[in-house]
Structures are given as structure tokens and as C-alpha cells.
Amino acid sequence: MSKFDIEKVERLAGLKLKDDERERIKRDIDEIINYFDILKEVDTDGIDPLVYTKWTRLTLRNDEVHTGLTLEEIKKNRKLFGNNFFRVRRIIGE
Amino acid sequence: MYKPTIGLEIHLQLMTESKIFCSCSTEFAAKPNTHICPVCIGLPGALPVLNEKVIEYGVMLGIALNCTINEVSSFYRKNYFYPDLPKGYQITQYAIPLAKDGFLEIVTENQRKMIRIEKAHIEEDSGKSIHTGDITESEYSFIDFNRSGVPLMEIVTYPDIESPDEAYEFLNLLRSIARYLGVSTGDMEKGALRCDVNISVSKDEVMGTKVEIKNLNSFRSVKRALEYEIKRQTKLIEEGRTVVKETRHFDEKDGTTKAMRTKEELNDYRYFPEPDLPPLIISGDFIEEIGQRIPELPNQKMRRFIEDYSLSIDYARSIAYVPSFSKYFESIIAFTGKPREVANFIMVNISNYLNETGKDIEEVPFGKEEFKELLDLIDSKIISLNIAKNVLDDSIRSGKSPSEIVREKGLSQVTDEDTLRSMIVEVLKENEMQVRQYLAGKTKVIGFLVGAVMKKSGGKANPDLVNKILLKELETLRQ
Ligand SMILES: [Zn+2]
């Protein structure tokens, strides 16, 4: 029994997997989840979650405007660009 | 009686020059994709660097909303796929927002009410996608990333709002506060303020099903959408049907809300901490320093105008909520006194002038000196209040001083008793019926007769004198 819904993961990741890929990835993710089950055995009561491993100070910048990419630079790297817009495959619905 | 329960989710653009995580300009309505860089279009390897102004504005707004500022807060990635979100995630705050547990006190119809604020956090805006033509016509959508990375503050209220009017007033006050602080223009037309609402209706203590409404483009739309939604949900329940938990779209044209096609399941944003940004640490000293820079806010101003100057709630609010109006008003009354009279002139005559000309109040060529002159003319009984309004209208438009206008147009009040008496005698002759009625005890017709005299004098008669002489003349007729 899988602990997750592989089809949901596919949808969320925006992927379409082939059948054999799906089986392989399902196995991998199951293994990862099982490993977390082992981690869960540790008693963490009264311990704050560790989000950052090193507390570097956040670097800030002044609110100053600098020029970014020029249209030429954009066009060089993006074929689907015209009339100042990036073109993407038509988005249907919301 | 069904009671609505309403919560608001507001996005305010913080008016910085550059974006939240890169140095691109936030200029509105610029040519598409002229303010973009590797950071805000999500090129691999580009790293976000936080704009310090965003923190300053965020903290300022948080304090003004009576929130607790978290000295340590953190950034998260909110993951979803949409072409106008170039990184595939939005950098936002999640577990610990910049500000939490605040409130705003609003006043509607003489009632004061506390609306609690759950949290206020900073985040980046997405780009804008444009779909032209219909599906068969065009195989492309078009993306403009100029807005991608524009700083926003998201403000979430508790569901303490119980009517469309309260929702409107909350937004009105919030926008005004943002303007006083100078952190946001709150212009909905320019995308500087967006609002989504949550609403349910219920007959008893059991909460109804919550519906979310999007695409609200003006304060009026918020009110209309809520009014419609209250009716719709009430009707469903009365018919024994169920309200579906969903997101609806407000249709500006017909004033209705329509269900949006959404896959609920997709709302799984898989938030996780942003590894490229360490936690945001704000010192108590910084919070203190920002707090001291907060000016008197519109709700405090409004209360002061009502309590100290006896202005009506409507006038007090209209003046207090617009920084330029209150600045004008206060600079004048500091010189002239008479706040009630000045408020009246501003809200009627000057407002009309502004509507007519499209000018801002700073441009009104009628300052404290002119106001003083006008009020003195009324005080010394040279002109009546009614004439004064005409003089003001004339003066703003012609640039002439109030006394000049009174002199040139001969507007001085007639205070000469003989002149007034002869006018009164004429009026009494012309209105024999009313005179008989008066003598028969129907004293109310005195108002009509005073009016007739005022009209004959072209509004220039001194009303007190007219009253006095008129009564005397009527009494002589009795003998
Ligand atoms: Zn950028």
C-alpha cells in the first residue's frame, strides 16, 4: 500500500510519467516516506523545528532602481517573444 | 434573519521604487517586459535580495494596524504552476508573518466596531497574463513580467465583518491609513489594492459554508458582490438547498457572482522555507523608531474632528480620510477658527469646484487669507451665509477677493430698516391670503413671508432684521 497518491504528485509537479517511470518513482518516494517514519520515532516534544541550519544575517539592499535585461538580451534567449510579450501556449480557464 | 459573516484578504502594493527582491523598477503601465531581470523572471542561479524599504513600510503598516511585529519572521515558497509565475513558486511568508494580531476600529452609522486582523505579511506579486481572441483564434497567451516581484503586503482579517457597509468602511479606512503613511496609494485601478472576500450566512450560531469571491475591482464592487452573495446564499438555504464551498467570480456587468472552474485539489501549495533567504530579524529599536514616525491616523483625526469641532460623522470622515483635504482644512481653521463653517464650505463649494475642474485641493486658489475675509464678511453681517457661498464660488473661479466681489456685485446685505420696511409692505400687499392666515393664528406662514422678502431683495436682506420688522408690521395690521 502506497502512502501517497502518485497521480496527485504528478499533477502538482506538472509531469506526465510513463507507466514504468511511475512504478520506479513510486517505489523511490515510498522509500523516502518510510525513512521519515523512522525519523518520527525521535521524541521532539518541546523542541522547536529547525528551519535554518546556519543563521546568516539577511542581506538587504537599498531601494534603488537599476536597469535589468534589455529587449535584445531577452530575444537572444527566448524565441517566443514578440511585441514586448513572452508568448506561452494558450492558457485555458483560470 | 440571516446574518452574514465576512472576512477580507487584501493585497496592498508597497510603493517602493524597486521590486522586493531585485532592482527592477516598479513603474506602473510601463511597456511590457521592460522592467525585468534574471531574479524576477526566475532564471536559474539568480538570488533574491530583500529591499529594505519593504521592511520599513511593512513594519509601519503593521504598527498602524495595531499588530504585534514579529522580531523574527521567515520566507516561504508557495508552489504552483502558472505561466505568469516564472519560478514555479511565489516567495511569501507563511509560518511566521511579519505582523499578527492587530485590529482596526471602524465607525458605521454611529456604531463603533472592532475588526480584528489575523496577520499581515510581505510577499512578491506575480506577472500578468493576457489572453486575446478566443481559444480557436489564438494558440498563445502573452505574459508581462513587469509586475513580477512587485512588493505586496497581504492583510487578512478575522471574519468579524457583518455587513457589506462594514466591509466597505474597513477598506476605506485601511486605504486611508496606507495613504497617510505613504506606504501605498491603494489605487485599485492601478492594482495597488486588491481584495478577495470570504462570506457565509447563517441563521444561528452554526457557521454557514464559506464562499470566496474574487475579481473585485472597486470598493463598490466589493459591496455589490457581498449584497448579491448574501441574497444568493440566503435563498439557497431557504429553499433547503446547500451552499457549495467554492470560489466565485464577480461579474461587474450584471452584478452577480459565478462559480469558477477550479480543481480544489490543486490548492496544495506545498509551502516550505525559502532556502535562499535567511530569517528576517527586526530589532525592537527599529520597531520603536518606525512607530515614532507614524502620524496621526485618519480614524483618530475623524474622532478629533467630531469631538473637538462638532463636525458631522460624514464630514469628519470625508475630510479626515483624505490627507490633502485634512491638511487644507486644518491649515485654514488654525488661522480662522470656525471649523463647522469651513468644513461646510469645503464639502459643498470646494468639492463641487474640484469635481468640476478635476483639480486637486492643493491647487484651489482659496487659502486661509481668503477664508478669513469671507468669514469676516459674514460675521460683520455684510453678507449672509447663502450669499457667502456664491461669493466663494465666484472667487475661486475669477480669482477676485471676496470683498472685491461683494463690492462689484453690490452684494452687501440690506440692513437699512426703511428699505427693508418698504419691501416688506409690498410683500404683505402681494400676499393678502397668507397675511389673513397669519392673523387668524396660523403663524407658520411667517416662513413663507420671510422667504418672499428675501427673494425680493435678491437674497441680500438681513434675515434677522426682516423677521423683526415683518412681525412688527403684521402686528400693526391686526389693529
Ligand atoms: Zn528584476
# chains A, B, ... in the order shown; residues from 1 in each chain; ligands from 1

call {"tool": "residues_near_ligand", "arguments": {"ligand": "ligand 1", "cutoff": "8 Å", "atoms": "only C-alpha atoms and all ligand atoms", "output": "PDB file with N, CA, C and O atoms, in the first residue's frame"}}
result
ATOM      1  N   GLY A  68      17.567  46.357 -15.866  1.00  0.00           N
ATOM      2  CA  GLY A  68      17.670  44.907 -15.924  1.00  0.00           C
ATOM      3  C   GLY A  68      18.002  44.457 -17.329  1.00  0.00           C
ATOM      4  O   GLY A  68      18.903  45.004 -17.977  1.00  0.00           O
TER       5      GLY A  68
ATOM      6  N   LYS B  19      11.660  46.666  -7.042  1.00  0.00           N
ATOM      7  CA  LYS B  19      10.920  45.473  -6.638  1.00  0.00           C
ATOM      8  C   LYS B  19      11.398  44.913  -5.304  1.00  0.00           C
ATOM      9  O   LYS B  19      12.390  45.383  -4.749  1.00  0.00           O
ATOM     10  N   PHE B  21      12.694  41.862  -4.448  1.00  0.00           N
ATOM     11  CA  PHE B  21      13.929  41.064  -4.373  1.00  0.00           C
ATOM     12  C   PHE B  21      14.964  41.399  -5.441  1.00  0.00           C
ATOM     13  O   PHE B  21      15.968  40.711  -5.582  1.00  0.00           O
ATOM     14  N   CYS B  22      14.699  42.425  -6.264  1.00  0.00           N
ATOM     15  CA  CYS B  22      15.683  42.823  -7.279  1.00  0.00           C
ATOM     16  C   CYS B  22      15.542  44.325  -7.528  1.00  0.00           C
ATOM     17  O   CYS B  22      14.637  44.967  -7.009  1.00  0.00           O
ATOM     18  N   SER B  23      16.425  44.884  -8.339  1.00  0.00           N
ATOM     19  CA  SER B  23      16.464  46.344  -8.523  1.00  0.00           C
ATOM     20  C   SER B  23      15.627  46.836  -9.698  1.00  0.00           C
ATOM     21  O   SER B  23      15.772  47.976 -10.119  1.00  0.00           O
ATOM     22  N   CYS B  24      14.766  45.996 -10.242  1.00  0.00           N
ATOM     23  CA  CYS B  24      13.925  46.447 -11.347  1.00  0.00           C
ATOM     24  C   CYS B  24      12.913  47.470 -10.852  1.00  0.00           C
ATOM     25  O   CYS B  24      12.465  47.417  -9.711  1.00  0.00           O
ATOM     26  N   SER B  25      12.553  48.392 -11.738  1.00  0.00           N
ATOM     27  CA  SER B  25      11.603  49.443 -11.388  1.00  0.00           C
ATOM     28  C   SER B  25      10.194  48.884 -11.230  1.00  0.00           C
ATOM     29  O   SER B  25       9.816  47.924 -11.888  1.00  0.00           O
ATOM     30  N   HIS B  35      10.900  46.077 -17.377  1.00  0.00           N
ATOM     31  CA  HIS B  35      11.463  46.114 -16.024  1.00  0.00           C
ATOM     32  C   HIS B  35      11.599  44.692 -15.496  1.00  0.00           C
ATOM     33  O   HIS B  35      10.899  44.282 -14.578  1.00  0.00           O
ATOM     34  N   ILE B  36      12.485  43.940 -16.126  1.00  0.00           N
ATOM     35  CA  ILE B  36      12.691  42.550 -15.695  1.00  0.00           C
ATOM     36  C   ILE B  36      14.178  42.222 -15.672  1.00  0.00           C
ATOM     37  O   ILE B  36      14.976  42.882 -16.338  1.00  0.00           O
ATOM     38  N   CYS B  37      14.517  41.238 -14.852  1.00  0.00           N
ATOM     39  CA  CYS B  37      15.920  40.808 -14.747  1.00  0.00           C
ATOM     40  C   CYS B  37      15.930  39.317 -14.405  1.00  0.00           C
ATOM     41  O   CYS B  37      14.879  38.723 -14.178  1.00  0.00           O
ATOM     42  N   PRO B  38      17.080  38.704 -14.349  1.00  0.00           N
ATOM     43  CA  PRO B  38      17.127  37.267 -14.059  1.00  0.00           C
ATOM     44  C   PRO B  38      16.385  36.878 -12.780  1.00  0.00           C
ATOM     45  O   PRO B  38      15.790  35.804 -12.712  1.00  0.00           O
ATOM     46  N   VAL B  39      16.411  37.750 -11.752  1.00  0.00           N
ATOM     47  CA  VAL B  39      15.749  37.400 -10.489  1.00  0.00           C
ATOM     48  C   VAL B  39      14.233  37.317 -10.665  1.00  0.00           C
ATOM     49  O   VAL B  39      13.606  36.328 -10.285  1.00  0.00           O
ATOM     50  N   CYS B  40      13.640  38.348 -11.283  1.00  0.00           N
ATOM     51  CA  CYS B  40      12.174  38.386 -11.300  1.00  0.00           C
ATOM     52  C   CYS B  40      11.567  37.600 -12.455  1.00  0.00           C
ATOM     53  O   CYS B  40      10.353  37.524 -12.571  1.00  0.00           O
ATOM     54  N   ILE B  41      12.411  37.028 -13.344  1.00  0.00           N
ATOM     55  CA  ILE B  41      11.835  36.077 -14.296  1.00  0.00           C
ATOM     56  C   ILE B  41      12.340  34.666 -13.996  1.00  0.00           C
ATOM     57  O   ILE B  41      12.187  33.753 -14.798  1.00  0.00           O
ATOM     58  N   SER B 148       5.998  41.148 -11.893  1.00  0.00           N
ATOM     59  CA  SER B 148       6.571  40.035 -11.154  1.00  0.00           C
ATOM     60  C   SER B 148       7.625  40.554 -10.183  1.00  0.00           C
ATOM     61  O   SER B 148       8.619  41.156 -10.587  1.00  0.00           O
ATOM     62  N   GLY B 149       7.394  40.352  -8.900  1.00  0.00           N
ATOM     63  CA  GLY B 149       8.346  40.822  -7.896  1.00  0.00           C
ATOM     64  C   GLY B 149       8.022  42.189  -7.320  1.00  0.00           C
ATOM     65  O   GLY B 149       8.793  42.741  -6.545  1.00  0.00           O
TER      66      GLY B 149
END

call {"tool": "select_by_dssp", "arguments": {"residues": "region 108-299 of chain B", "states": "strand (DSSP E)", "output": "ChimeraX atom specification"}}
result
/B:108,111-124,128-130,140-144,151-157,193-202,211-216,247-251,256-259,272-273,280-281

call {"tool": "interface_residues", "arguments": {"of": "chain A", "to": "chain B", "cutoff": "10 Å", "atoms": "only C-alpha atoms", "output": "JSON, numbers by chain"}}
result
{"A": [8, 11, 12, 13, 14, 51, 52, 53, 54, 55, 56, 57, 58, 59, 60, 61, 62, 63, 64, 65, 66, 67, 68, 69, 70, 71, 74, 80, 81, 82, 83, 84, 85, 86, 87, 88, 89, 90, 91, 92, 93, 94]}

call {"tool": "residues_around", "arguments": {"residues": "Thr157 (chain B)", "least_positions_apart": "5", "cutoff": "6 Å", "atoms": "only C-alpha atoms", "output": "ChimeraX atom specification"}}
result
/B:7-8,116-118

call {"tool": "residues_around", "arguments": {"residues": "Ile115 (chain B)", "least_positions_apart": "3", "cutoff": "6 Å", "atoms": "only C-alpha atoms", "output": "list in words"}}
result
Phe103, Leu104 and Asp160 of chain B

call {"tool": "residues_around", "arguments": {"residues": "Ile10 (chain B)", "least_positions_apart": "6", "cutoff": "6 Å", "atoms": "only C-alpha atoms", "output": "list in words"}}
result
Glu154, Ile155, Arg194 and Cys195 of chain B

call {"tool": "residues_around", "arguments": {"residues": "Lys16 (chain A)", "least_positions_apart": "6", "cutoff": "10 Å", "atoms": "only C-alpha atoms", "output": "PyMOL selection string"}}
result
chain A and resi 7+10+22

call {"tool": "write_last_selection", "arguments": {"atoms": "N, CA and C atoms", "output": "PDB file, in the first residue's frame"}}
result
ATOM      1  N   GLU A   7      -0.647   9.947  -8.678  1.00  0.00           N
ATOM      2  CA  GLU A   7      -1.257  10.796  -9.708  1.00  0.00           C
ATOM      3  C   GLU A   7      -1.355  12.248  -9.248  1.00  0.00           C
ATOM      4  N   GLU A  10       2.005  13.775  -9.579  1.00  0.00           N
ATOM      5  CA  GLU A  10       2.245  14.110 -10.990  1.00  0.00           C
ATOM      6  C   GLU A  10       1.591  15.428 -11.366  1.00  0.00           C
ATOM      7  N   ARG A  22       6.519   5.622 -13.606  1.00  0.00           N
ATOM      8  CA  ARG A  22       5.621   5.804 -12.474  1.00  0.00           C
ATOM      9  C   ARG A  22       5.903   4.768 -11.381  1.00  0.00           C
TER      10      ARG A  22
END

call {"tool": "select_by_dssp", "arguments": {"residues": "region 54-122 of chain B", "states": "alpha helix (DSSP H)", "output": "list in words"}}
result
Val54, Ile55, Glu56, Tyr57, Gly58, Val59, Met60, Leu61, Gly62, Ile63 and Ala64 of chain B

call {"tool": "closest_residue", "arguments": {"among": "B:Arg147, B:Arg179, B:Lys372, B:Lys338", "to": "Pro295 (chain B)", "atoms": "only C-alpha atoms"}}
result
B:Arg179

call {"tool": "residues_around", "arguments": {"residues": "Ile63 (chain B)", "least_positions_apart": "3", "cutoff": "10 Å", "atoms": "only C-alpha atoms", "output": "PyMOL selection string"}}
result
chain B and resi 57-60+66-69+99-100+102+287-288+290-291+294

call {"tool": "write_last_selection", "arguments": {"atoms": "N, CA, C and O atoms", "output": "PDB file, in the first residue's frame"}}
result
ATOM      1  N   TYR B  57       8.265  49.790   5.297  1.00  0.00           N
ATOM      2  CA  TYR B  57       6.845  50.031   5.014  1.00  0.00           C
ATOM      3  C   TYR B  57       5.959  48.976   5.672  1.00  0.00           C
ATOM      4  O   TYR B  57       4.897  49.286   6.198  1.00  0.00           O
ATOM      5  N   GLY B  58       6.431  47.732   5.612  1.00  0.00           N
ATOM      6  CA  GLY B  58       5.658  46.632   6.188  1.00  0.00           C
ATOM      7  C   GLY B  58       5.498  46.802   7.693  1.00  0.00           C
ATOM      8  O   GLY B  58       4.406  46.643   8.239  1.00  0.00           O
ATOM      9  N   VAL B  59       6.599  47.148   8.355  1.00  0.00           N
ATOM     10  CA  VAL B  59       6.548  47.334   9.807  1.00  0.00           C
ATOM     11  C   VAL B  59       5.633  48.524  10.138  1.00  0.00           C
ATOM     12  O   VAL B  59       4.811  48.469  11.054  1.00  0.00           O
ATOM     13  N   MET B  60       5.774  49.586   9.342  1.00  0.00           N
ATOM     14  CA  MET B  60       4.968  50.784   9.596  1.00  0.00           C
ATOM     15  C   MET B  60       3.477  50.472   9.496  1.00  0.00           C
ATOM     16  O   MET B  60       2.682  50.834  10.363  1.00  0.00           O
ATOM     17  N   ASN B  66      -2.220  48.127  14.447  1.00  0.00           N
ATOM     18  CA  ASN B  66      -2.200  47.653  15.838  1.00  0.00           C
ATOM     19  C   ASN B  66      -1.736  46.207  15.984  1.00  0.00           C
ATOM     20  O   ASN B  66      -2.192  45.477  16.864  1.00  0.00           O
ATOM     21  N   CYS B  67      -0.857  45.790  15.070  1.00  0.00           N
ATOM     22  CA  CYS B  67      -0.356  44.412  15.106  1.00  0.00           C
ATOM     23  C   CYS B  67       0.865  44.300  16.015  1.00  0.00           C
ATOM     24  O   CYS B  67       1.539  45.280  16.308  1.00  0.00           O
ATOM     25  N   THR B  68       1.142  43.094  16.411  1.00  0.00           N
ATOM     26  CA  THR B  68       2.427  42.776  17.035  1.00  0.00           C
ATOM     27  C   THR B  68       3.393  42.482  15.901  1.00  0.00           C
ATOM     28  O   THR B  68       3.060  41.733  14.986  1.00  0.00           O
ATOM     29  N   ILE B  69       4.567  43.082  15.943  1.00  0.00           N
ATOM     30  CA  ILE B  69       5.554  42.818  14.899  1.00  0.00           C
ATOM     31  C   ILE B  69       6.437  41.665  15.385  1.00  0.00           C
ATOM     32  O   ILE B  69       6.970  41.704  16.492  1.00  0.00           O
ATOM     33  N   ALA B  99       3.709  40.595  10.696  1.00  0.00           N
ATOM     34  CA  ALA B  99       2.848  41.213  11.713  1.00  0.00           C
ATOM     35  C   ALA B  99       1.624  40.342  11.962  1.00  0.00           C
ATOM     36  O   ALA B  99       1.130  39.684  11.054  1.00  0.00           O
ATOM     37  N   LYS B 100       1.157  40.326  13.221  1.00  0.00           N
ATOM     38  CA  LYS B 100      -0.016  39.499  13.533  1.00  0.00           C
ATOM     39  C   LYS B 100      -0.854  40.143  14.643  1.00  0.00           C
ATOM     40  O   LYS B 100      -0.400  41.080  15.314  1.00  0.00           O
ATOM     41  N   GLY B 102      -3.676  42.108  15.001  1.00  0.00           N
ATOM     42  CA  GLY B 102      -3.987  43.534  15.065  1.00  0.00           C
ATOM     43  C   GLY B 102      -5.479  43.775  15.040  1.00  0.00           C
ATOM     44  O   GLY B 102      -6.284  42.848  15.191  1.00  0.00           O
ATOM     45  N   ILE B 287      11.688  48.809  15.414  1.00  0.00           N
ATOM     46  CA  ILE B 287      10.223  48.869  15.513  1.00  0.00           C
ATOM     47  C   ILE B 287       9.814  50.144  16.251  1.00  0.00           C
ATOM     48  O   ILE B 287       8.910  50.866  15.828  1.00  0.00           O
ATOM     49  N   GLU B 288      10.525  50.427  17.318  1.00  0.00           N
ATOM     50  CA  GLU B 288      10.276  51.630  18.118  1.00  0.00           C
ATOM     51  C   GLU B 288      10.431  52.900  17.266  1.00  0.00           C
ATOM     52  O   GLU B 288       9.581  53.784  17.274  1.00  0.00           O
ATOM     53  N   ILE B 290      10.349  53.221  13.973  1.00  0.00           N
ATOM     54  CA  ILE B 290       9.303  53.317  12.943  1.00  0.00           C
ATOM     55  C   ILE B 290       7.996  53.783  13.597  1.00  0.00           C
ATOM     56  O   ILE B 290       7.290  54.637  13.071  1.00  0.00           O
ATOM     57  N   GLY B 291       7.697  53.228  14.755  1.00  0.00           N
ATOM     58  CA  GLY B 291       6.465  53.586  15.453  1.00  0.00           C
ATOM     59  C   GLY B 291       6.369  55.076  15.717  1.00  0.00           C
ATOM     60  O   GLY B 291       5.292  55.673  15.615  1.00  0.00           O
ATOM     61  N   ILE B 294       4.974  57.348  12.865  1.00  0.00           N
ATOM     62  CA  ILE B 294       3.589  57.235  12.403  1.00  0.00           C
ATOM     63  C   ILE B 294       2.800  58.486  12.788  1.00  0.00           C
ATOM     64  O   ILE B 294       2.742  58.855  13.952  1.00  0.00           O
TER      65      ILE B 294
END
